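Student: One structure is given below, represented as structure tokens, and several questions about it will come after.
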Amino acid sequence: MNSEKLIKRDEKYILHTYARSPLALVRGEGMTAYDAEGKAYLDFTSGIGVNSLGFCHPAWTAAVAAQAGALQHISNLYVTAPDAKLAKKLCKRTGMDKVFFGNSGAEANEGAIKAARKYSVDRYGEGRSKVATLVNSFHGRTLATLAATGQEVFHKDFGPFPENFVYLPAGDFDALTAADDGTLCAVVMELVQGEGGVVAQDADYVHAVADYCKARDILLVVDEVQTGVGRTGTFLACQHYGLKPDIVTLAKGLGGGLPIGAVLMTEAVAAGMGPGSHGSTFGGNPVCCAGALAVLETMDDAFMDNVNARAAQLRRGLAALPHVTAVSGLGLMVGIQLDDTRKAAEVRAACEKAGLLVLTAKTRLRLLPPLILSEADVNAALAILKDVLEKD
Ligand SMILES: *Cc1c(COP(=O)(O)O)cnc(C)c1O
């Protein structure tokens, strides 16, 4: 089928909840995606931070295929090997104690909110259930995670929402103390707000919040759905901030392209979540866990050194491009602020025509390249961006 037919069928049968590009991709290899006519696109989106190892990495493809041919699913009523192996690796790498697996970022955050409320109610009684999140945050599209998302635009027309969520302006420590009426059970935050425009939190603010929470047994939940699994140059963005939260959520980059979410928690939080307290039919699916294991096994020290070297190269190059006024984010989670003469959405579309896939977040251009990118890939992307930005 050619692109025109693929796009026509998509328009007729897929619910129009996404503003899609008129681009039909059928195949990928490494950093490159190909459309139905065979045109190549250098991918600096990684499927919104998902394809950590690029398209069809040999180790990942082999691990997924082998698991699909051995045991694809059996339910959480029985013990399987891949989920516990993955959980062990995640705990060793993050210093957390226990893992719950779901299938997406939103589900991971739902699980985190449930675990935080359970912890608080068990210790302090019914009603200590208020959850504070940050203004401009993004935590998912389910009703509870929408309630947790501090952006009005996502709420309109979908209420009523689960209760007891409050939004704190990032950086405003006094807003936290004002919101704490004794019923606060958790503070949830992204260390770099992704959908909110690639905005990194101020370290002093983060530490002030963490210290305040610790002193009052309010749980700190860090949503690393986008920042986690090597994206920012460390396995967790928490490491940049020297932070040890009570709960960390992961998803996007974890499965290398398969749907998996994870709630990582301390032993103390895990203690409240006994049999029957939470679940997911597909959670811990062996094939998804095998994919995630291939991601973690590939992500060794040399791999992370490359992530950091490419991030530095990319950021240096971007800062020197015409019409770029600021480069935000951390590691390979990159926001690009443009001057008033350039619109991010138009630059994105022009890059696509020129064979480079990029994203936007709010008014910024956004880059989330696969973590396997080479020096030459960065140079190629910078050259296309320069060309596009120079054109009137
Ligand atoms: C993408 C994202 C989510 C939602 O993940 P889904 O897999 O789409 O449910 C939650 N939190 C953050 C920080 C995200 O970037």
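Going through the structure tokens in order, the chains are called A, B, and so on, while each chain numbers its residues from 1 and the ligands are numbered from 1 in the order shown.
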Counting only C-alpha atoms and all ligand atoms, which residues of chain A fall within 7 Å of ligand 1, and what is the closest atom pair for each with its distance in Å at one decimal, ordered by chain and rising number, as a Markdown table?
Tutor:
| residue | atom | partner | partner_atom_place_in_ligand_line | distance |
| --- | --- | --- | --- | --- |
| A:Ser104 | CA | ligand 1 | 7 (O) | 3.8 |
| A:Gly105 | CA | ligand 1 | 5 (O) | 3.3 |
| A:Ala106 | CA | ligand 1 | 9 (O) | 3.5 |
| A:Glu107 | CA | ligand 1 | 9 (O) | 6.3 |
| A:Asn109 | CA | ligand 1 | 10 (C) | 6.9 |
| A:Phe138 | CA | ligand 1 | 11 (N) | 5.4 |
| A:His139 | CA | ligand 1 | 11 (N) | 3.7 |
| A:Gly140 | CA | ligand 1 | 4 (C) | 3.9 |
| A:Arg141 | CA | ligand 1 | 9 (O) | 6.3 |
| A:Glu190 | CA | ligand 1 | 13 (C) | 5.9 |
| A:Gln193 | CA | ligand 1 | 13 (C) | 6.6 |
| A:Gly194 | CA | ligand 1 | 15 (O) | 5.6 |
| A:Glu195 | CA | ligand 1 | 15 (O) | 6.1 |
| A:Asp223 | CA | ligand 1 | 13 (C) | 5.5 |
| A:Glu224 | CA | ligand 1 | 13 (C) | 6.0 |
| A:Val225 | CA | ligand 1 | 12 (C) | 4.7 |
| A:Gln226 | CA | ligand 1 | 15 (O) | 4.3 |
| A:Ala251 | CA | ligand 1 | 7 (O) | 6.2 |
| A:Lys252 | CA | ligand 1 | 7 (O) | 6.1 |
Student: Applying 7 Å and only C-alpha atoms, which residues near Thr45 (chain A) remain after dropping the ones on its own chain fewer than 3 positions away? List them as a list in words.
Tutor: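 That gives Ile48, Gly49, Leu357, Val358, Leu359, Leu367, Leu368 and Pro369 of chain A.
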Student: Those residues with all heavy atoms, as a PDB file, in the first residue's frame please?
Tutor:
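Okay, this is what ended up in part.pdb:
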ATOM      1  N   ILE A  48       8.493   9.397  20.860  1.00  0.00           N
ATOM      2  CA  ILE A  48       8.341  10.148  22.118  1.00  0.00           C
ATOM      3  C   ILE A  48       9.066   9.440  23.276  1.00  0.00           C
ATOM      4  O   ILE A  48       8.475   9.052  24.291  1.00  0.00           O
ATOM      5  CB  ILE A  48       6.862  10.433  22.478  1.00  0.00           C
ATOM      6  CG1 ILE A  48       6.058  10.837  21.220  1.00  0.00           C
ATOM      7  CG2 ILE A  48       6.782  11.557  23.525  1.00  0.00           C
ATOM      8  CD1 ILE A  48       4.640  11.312  21.488  1.00  0.00           C
ATOM      9  N   GLY A  49      10.361   9.290  23.088  1.00  0.00           N
ATOM     10  CA  GLY A  49      11.202   8.795  24.186  1.00  0.00           C
ATOM     11  C   GLY A  49      11.066   7.317  24.475  1.00  0.00           C
ATOM     12  O   GLY A  49      11.430   6.857  25.551  1.00  0.00           O
ATOM     13  N   LEU A 357      12.922  13.884  11.718  1.00  0.00           N
ATOM     14  CA  LEU A 357      11.749  13.864  12.589  1.00  0.00           C
ATOM     15  C   LEU A 357      12.105  14.486  13.937  1.00  0.00           C
ATOM     16  O   LEU A 357      13.050  14.041  14.599  1.00  0.00           O
ATOM     17  CB  LEU A 357      11.253  12.429  12.795  1.00  0.00           C
ATOM     18  CG  LEU A 357      10.916  11.638  11.526  1.00  0.00           C
ATOM     19  CD1 LEU A 357      10.390  10.249  11.894  1.00  0.00           C
ATOM     20  CD2 LEU A 357       9.912  12.387  10.650  1.00  0.00           C
ATOM     21  N   VAL A 358      11.356  15.539  14.315  1.00  0.00           N
ATOM     22  CA  VAL A 358      11.535  16.181  15.619  1.00  0.00           C
ATOM     23  C   VAL A 358      10.160  16.391  16.245  1.00  0.00           C
ATOM     24  O   VAL A 358       9.134  16.182  15.594  1.00  0.00           O
ATOM     25  CB  VAL A 358      12.286  17.534  15.497  1.00  0.00           C
ATOM     26  CG1 VAL A 358      13.676  17.327  14.914  1.00  0.00           C
ATOM     27  CG2 VAL A 358      11.493  18.529  14.650  1.00  0.00           C
ATOM     28  N   LEU A 359      10.129  16.820  17.503  1.00  0.00           N
ATOM     29  CA  LEU A 359       8.876  17.024  18.235  1.00  0.00           C
ATOM     30  C   LEU A 359       8.753  18.485  18.648  1.00  0.00           C
ATOM     31  O   LEU A 359       9.702  19.269  18.525  1.00  0.00           O
ATOM     32  CB  LEU A 359       8.878  16.157  19.498  1.00  0.00           C
ATOM     33  CG  LEU A 359       9.003  14.646  19.318  1.00  0.00           C
ATOM     34  CD1 LEU A 359       9.476  13.995  20.620  1.00  0.00           C
ATOM     35  CD2 LEU A 359       7.674  14.059  18.882  1.00  0.00           C
ATOM     36  N   LEU A 367      13.622  17.600  21.144  1.00  0.00           N
ATOM     37  CA  LEU A 367      14.352  16.451  20.615  1.00  0.00           C
ATOM     38  C   LEU A 367      14.428  15.370  21.692  1.00  0.00           C
ATOM     39  O   LEU A 367      14.789  15.650  22.842  1.00  0.00           O
ATOM     40  CB  LEU A 367      15.774  16.849  20.206  1.00  0.00           C
ATOM     41  CG  LEU A 367      15.898  18.016  19.221  1.00  0.00           C
ATOM     42  CD1 LEU A 367      17.375  18.291  18.914  1.00  0.00           C
ATOM     43  CD2 LEU A 367      15.132  17.759  17.936  1.00  0.00           C
ATOM     44  N   LEU A 368      14.044  14.145  21.306  1.00  0.00           N
ATOM     45  CA  LEU A 368      14.192  12.966  22.179  1.00  0.00           C
ATOM     46  C   LEU A 368      14.775  11.847  21.317  1.00  0.00           C
ATOM     47  O   LEU A 368      14.104  10.862  21.028  1.00  0.00           O
ATOM     48  CB  LEU A 368      12.826  12.532  22.729  1.00  0.00           C
ATOM     49  CG  LEU A 368      12.113  13.412  23.751  1.00  0.00           C
ATOM     50  CD1 LEU A 368      10.694  12.896  24.007  1.00  0.00           C
ATOM     51  CD2 LEU A 368      12.880  13.444  25.070  1.00  0.00           C
ATOM     52  N   PRO A 369      16.020  11.993  20.896  1.00  0.00           N
ATOM     53  CA  PRO A 369      16.581  10.995  19.974  1.00  0.00           C
ATOM     54  C   PRO A 369      16.775   9.639  20.654  1.00  0.00           C
ATOM     55  O   PRO A 369      16.918   9.582  21.882  1.00  0.00           O
ATOM     56  CB  PRO A 369      17.940  11.604  19.596  1.00  0.00           C
ATOM     57  CG  PRO A 369      18.300  12.480  20.737  1.00  0.00           C
ATOM     58  CD  PRO A 369      17.000  13.034  21.256  1.00  0.00           C
TER      59      PRO A 369
END
Student: Name all residues at most 12 Å from Asp377 (chain A) (count only C-alpha atoms; drop same-chain ones fewer than 4 positions away) and give them as a compact mmCIF listing (two decimals) with N, CA, C and O atoms, in the first residue's frame.
Tutor:
# COMPACT_ATOMS: atom_id res chain seq x y z
N GLY A 30 17.83 1.19 13.29
CA GLY A 30 18.71 2.11 14.00
C GLY A 30 18.08 3.47 14.19
O GLY A 30 17.02 3.59 14.79
N MET A 31 18.69 4.50 13.62
CA MET A 31 18.22 5.88 13.76
C MET A 31 17.27 6.29 12.63
O MET A 31 16.84 7.43 12.59
N THR A 32 17.00 5.38 11.70
CA THR A 32 16.30 5.76 10.47
C THR A 32 14.96 5.06 10.32
O THR A 32 14.87 3.84 10.48
N TYR A 41 14.04 8.84 6.96
CA TYR A 41 13.92 9.95 7.91
C TYR A 41 14.83 9.68 9.10
O TYR A 41 14.73 8.62 9.73
N LEU A 42 15.68 10.63 9.41
CA LEU A 42 16.52 10.54 10.61
C LEU A 42 15.61 10.83 11.81
O LEU A 42 14.97 11.89 11.88
N ASP A 43 15.55 9.89 12.75
CA ASP A 43 14.57 9.99 13.83
C ASP A 43 15.15 10.61 15.10
O ASP A 43 15.96 9.99 15.78
N PHE A 44 14.70 11.82 15.42
CA PHE A 44 15.08 12.46 16.69
C PHE A 44 13.87 12.56 17.62
O PHE A 44 13.76 13.49 18.41
N ARG A 310 27.06 12.73 23.35
CA ARG A 310 26.16 13.18 22.28
C ARG A 310 25.28 14.33 22.78
O ARG A 310 24.99 15.26 22.04
N ALA A 311 24.86 14.26 24.04
CA ALA A 311 24.04 15.34 24.60
C ALA A 311 24.84 16.64 24.59
O ALA A 311 24.32 17.69 24.21
N GLN A 313 27.44 17.41 22.67
CA GLN A 313 27.66 17.80 21.28
C GLN A 313 26.40 18.46 20.70
O GLN A 313 26.46 19.51 20.06
N LEU A 314 25.25 17.83 20.94
CA LEU A 314 23.98 18.33 20.42
C LEU A 314 23.65 19.70 21.00
O LEU A 314 23.27 20.63 20.28
N LEU A 356 14.05 14.91 8.61
CA LEU A 356 14.41 14.84 10.04
C LEU A 356 13.13 14.90 10.88
O LEU A 356 12.37 15.86 10.78
N PRO A 369 16.02 11.99 20.90
CA PRO A 369 16.58 10.99 19.97
C PRO A 369 16.78 9.64 20.65
O PRO A 369 16.92 9.58 21.88
N PRO A 370 16.79 8.57 19.88
CA PRO A 370 17.21 7.28 20.43
C PRO A 370 18.58 7.44 21.10
O PRO A 370 19.41 8.22 20.62
N LEU A 371 18.83 6.70 22.17
CA LEU A 371 20.06 6.91 22.94
C LEU A 371 21.29 6.29 22.27
O LEU A 371 22.39 6.40 22.77
N ILE A 372 21.09 5.65 21.11
CA ILE A 372 22.19 5.00 20.39
C ILE A 372 22.83 5.92 19.37
O ILE A 372 23.69 5.50 18.60
N LEU A 373 22.41 7.17 19.31
CA LEU A 373 22.87 8.06 18.23
C LEU A 373 24.39 8.23 18.21
O LEU A 373 25.04 8.13 19.25
N ALA A 381 21.63 15.90 11.95
CA ALA A 381 20.43 16.59 12.45
C ALA A 381 20.67 18.09 12.55
O ALA A 381 19.81 18.90 12.17
N LEU A 382 21.85 18.47 13.05
CA LEU A 382 22.16 19.90 13.18
C LEU A 382 22.19 20.58 11.81
O LEU A 382 21.72 21.71 11.66
N ALA A 383 22.70 19.87 10.81
CA ALA A 383 22.79 20.45 9.46
C ALA A 383 21.39 20.70 8.89
O ALA A 383 21.14 21.77 8.30
N ILE A 384 20.48 19.75 9.07
CA ILE A 384 19.11 19.93 8.57
C ILE A 384 18.42 21.07 9.32
O ILE A 384 17.77 21.93 8.73
Student: Would you please give, as a compact mmCIF listing (two decimals) with all heavy atoms, in the first residue's frame, all residues of region 30-120 of chain A that DSSP assigns to strand (DSSP E or B) based on the backbone?
Tutor:
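The resulting file, result.txt, is reproduced below:
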# COMPACT_ATOMS: atom_id res chain seq x y z
N GLY A 30 17.83 1.19 13.29
CA GLY A 30 18.71 2.11 14.00
C GLY A 30 18.08 3.47 14.19
O GLY A 30 17.02 3.59 14.79
N THR A 32 17.00 5.38 11.70
CA THR A 32 16.30 5.76 10.47
C THR A 32 14.96 5.06 10.32
O THR A 32 14.87 3.84 10.48
CB THR A 32 17.18 5.42 9.24
OG1 THR A 32 18.48 5.95 9.46
CG2 THR A 32 16.61 6.03 7.97
N ALA A 33 13.92 5.86 9.99
CA ALA A 33 12.61 5.31 9.66
C ALA A 33 12.38 5.51 8.17
O ALA A 33 12.90 6.45 7.57
CB ALA A 33 11.52 6.03 10.46
N TYR A 34 11.60 4.59 7.58
CA TYR A 34 11.32 4.68 6.15
C TYR A 34 9.82 4.75 5.92
O TYR A 34 9.05 4.01 6.56
CB TYR A 34 11.88 3.44 5.43
CG TYR A 34 13.39 3.34 5.54
CD1 TYR A 34 13.97 2.65 6.61
CD2 TYR A 34 14.21 3.94 4.60
CE1 TYR A 34 15.35 2.57 6.73
CE2 TYR A 34 15.60 3.86 4.72
CZ TYR A 34 16.16 3.18 5.78
OH TYR A 34 17.52 3.10 5.90
N ASP A 35 9.40 5.62 4.99
CA ASP A 35 7.98 5.70 4.67
C ASP A 35 7.63 4.65 3.61
O ASP A 35 8.51 3.89 3.15
CB ASP A 35 7.55 7.12 4.28
CG ASP A 35 8.07 7.57 2.93
OD1 ASP A 35 8.59 6.73 2.16
OD2 ASP A 35 7.96 8.77 2.63
N ALA A 40 13.83 7.94 3.48
CA ALA A 40 14.44 7.79 4.81
C ALA A 40 14.26 9.05 5.66
O ALA A 40 14.32 10.17 5.15
CB ALA A 40 15.93 7.49 4.65
N TYR A 41 14.04 8.84 6.96
CA TYR A 41 13.92 9.95 7.91
C TYR A 41 14.83 9.68 9.10
O TYR A 41 14.73 8.62 9.73
CB TYR A 41 12.48 10.07 8.41
CG TYR A 41 11.50 10.46 7.32
CD1 TYR A 41 10.95 9.48 6.50
CD2 TYR A 41 11.16 11.78 7.10
CE1 TYR A 41 10.07 9.82 5.49
CE2 TYR A 41 10.28 12.14 6.09
CZ TYR A 41 9.74 11.14 5.29
OH TYR A 41 8.87 11.49 4.29
N LEU A 42 15.68 10.63 9.41
CA LEU A 42 16.52 10.54 10.61
C LEU A 42 15.61 10.83 11.81
O LEU A 42 14.97 11.89 11.88
CB LEU A 42 17.66 11.56 10.52
CG LEU A 42 18.63 11.61 11.70
CD1 LEU A 42 19.33 10.28 11.91
CD2 LEU A 42 19.66 12.73 11.47
N ASP A 43 15.55 9.89 12.75
CA ASP A 43 14.57 9.99 13.83
C ASP A 43 15.15 10.61 15.10
O ASP A 43 15.96 9.99 15.78
CB ASP A 43 14.03 8.59 14.14
CG ASP A 43 13.03 8.63 15.28
OD1 ASP A 43 12.35 9.67 15.43
OD2 ASP A 43 12.92 7.63 16.02
N PHE A 55 15.41 1.81 16.24
CA PHE A 55 14.51 0.84 15.62
C PHE A 55 15.19 -0.53 15.55
O PHE A 55 16.31 -0.66 15.03
CB PHE A 55 14.14 1.26 14.19
CG PHE A 55 13.33 2.52 14.14
CD1 PHE A 55 13.90 3.71 13.68
CD2 PHE A 55 12.00 2.54 14.56
CE1 PHE A 55 13.15 4.87 13.63
CE2 PHE A 55 11.26 3.70 14.52
CZ PHE A 55 11.83 4.87 14.05
N LYS A 98 11.13 -2.65 45.66
CA LYS A 98 10.10 -3.50 45.06
C LYS A 98 9.51 -2.82 43.83
O LYS A 98 9.49 -1.59 43.74
CB LYS A 98 8.96 -3.74 46.07
CG LYS A 98 9.28 -4.72 47.19
CD LYS A 98 8.72 -6.10 46.83
CE LYS A 98 8.72 -7.09 47.99
NZ LYS A 98 9.87 -7.13 48.87
N VAL A 99 9.02 -3.65 42.89
CA VAL A 99 8.51 -3.12 41.63
C VAL A 99 7.13 -3.69 41.32
O VAL A 99 6.90 -4.89 41.49
CB VAL A 99 9.46 -3.50 40.46
CG1 VAL A 99 8.98 -2.87 39.15
CG2 VAL A 99 10.89 -3.06 40.76
N PHE A 100 6.22 -2.83 40.89
CA PHE A 100 4.96 -3.27 40.30
C PHE A 100 5.00 -2.93 38.82
O PHE A 100 5.32 -1.80 38.45
CB PHE A 100 3.75 -2.56 40.95
CG PHE A 100 2.46 -2.91 40.27
CD1 PHE A 100 1.75 -4.05 40.63
CD2 PHE A 100 1.96 -2.12 39.24
CE1 PHE A 100 0.57 -4.39 39.98
CE2 PHE A 100 0.77 -2.45 38.58
CZ PHE A 100 0.08 -3.59 38.95
N PHE A 101 4.64 -3.90 37.96
CA PHE A 101 4.64 -3.64 36.53
C PHE A 101 3.23 -3.44 35.99
O PHE A 101 2.32 -4.23 36.26
CB PHE A 101 5.29 -4.81 35.76
CG PHE A 101 6.78 -4.88 35.93
CD1 PHE A 101 7.37 -5.97 36.57
CD2 PHE A 101 7.61 -3.86 35.46
CE1 PHE A 101 8.75 -6.04 36.74
CE2 PHE A 101 8.98 -3.93 35.63
CZ PHE A 101 9.56 -5.02 36.26
N GLY A 102 3.07 -2.37 35.22
CA GLY A 102 1.85 -2.13 34.45
C GLY A 102 2.23 -1.97 32.99
O GLY A 102 3.27 -2.50 32.55
Student: Give the answer as one residue: which of A:Thr149, A:Leu15, A:Gly38, A:Met96 has the shortest atom-to-atom distance to Gly355 (chain A), using only C-alpha atoms?
Tutor: A:Gly38
Student: Per residue of region 42-85 of chain A within 10 Å of region 296-300 of chain A, what are the shortest atom pair and its distance in Å to one decimal, counting only C-alpha atoms, with rows by chain and residue number, as JSON lines?
Tutor:
{"residue": "A:Ser52", "atom": "CA", "partner": "A:Met299", "partner_atom": "CA", "distance": 9.4}
{"residue": "A:Leu53", "atom": "CA", "partner": "A:Thr298", "partner_atom": "CA", "distance": 8.3}
{"residue": "A:His57", "atom": "CA", "partner": "A:Thr298", "partner_atom": "CA", "distance": 9.9}
{"residue": "A:Ala59", "atom": "CA", "partner": "A:Thr298", "partner_atom": "CA", "distance": 7.9}
{"residue": "A:Trp60", "atom": "CA", "partner": "A:Thr298", "partner_atom": "CA", "distance": 8.7}
Student: Those selected residues, please, written with N, CA, C and O atoms and delivered as a PDB file, in the first residue's frame.
Tutor:
ATOM      1  N   SER A  52      14.446   3.545  23.006  1.00  0.00           N
ATOM      2  CA  SER A  52      15.755   3.908  23.588  1.00  0.00           C
ATOM      3  C   SER A  52      16.895   3.392  22.734  1.00  0.00           C
ATOM      4  O   SER A  52      17.938   4.023  22.642  1.00  0.00           O
ATOM      5  N   LEU A  53      16.722   2.197  22.159  1.00  0.00           N
ATOM      6  CA  LEU A  53      17.798   1.589  21.360  1.00  0.00           C
ATOM      7  C   LEU A  53      17.555   1.775  19.870  1.00  0.00           C
ATOM      8  O   LEU A  53      18.120   1.054  19.043  1.00  0.00           O
ATOM      9  N   HIS A  57      16.819  -2.774  17.244  1.00  0.00           N
ATOM     10  CA  HIS A  57      18.179  -3.098  17.702  1.00  0.00           C
ATOM     11  C   HIS A  57      18.319  -4.628  17.730  1.00  0.00           C
ATOM     12  O   HIS A  57      17.444  -5.325  18.255  1.00  0.00           O
ATOM     13  N   ALA A  59      19.938  -6.865  19.497  1.00  0.00           N
ATOM     14  CA  ALA A  59      19.832  -7.544  20.802  1.00  0.00           C
ATOM     15  C   ALA A  59      18.387  -7.510  21.306  1.00  0.00           C
ATOM     16  O   ALA A  59      17.886  -8.499  21.862  1.00  0.00           O
ATOM     17  N   TRP A  60      17.735  -6.386  21.093  1.00  0.00           N
ATOM     18  CA  TRP A  60      16.345  -6.226  21.538  1.00  0.00           C
ATOM     19  C   TRP A  60      15.418  -7.130  20.721  1.00  0.00           C
ATOM     20  O   TRP A  60      14.592  -7.859  21.282  1.00  0.00           O
TER      21      TRP A  60
END
Student: Within 6 Å of Asp246 (chain A), counting only C-alpha atoms, which residues show up once you throw out same-chain ones fewer than 6 positions away? Write them as a count of residues only, please.
Tutor: 4
Student: Residues at most 9 Å from region 72-84 of chain A, counting only C-alpha atoms, excluding those fewer than 2 positions away in the same chain, as a PyMOL selection string?
Tutor: chain A and resi 67-70+86-89+99+101+279-290+293
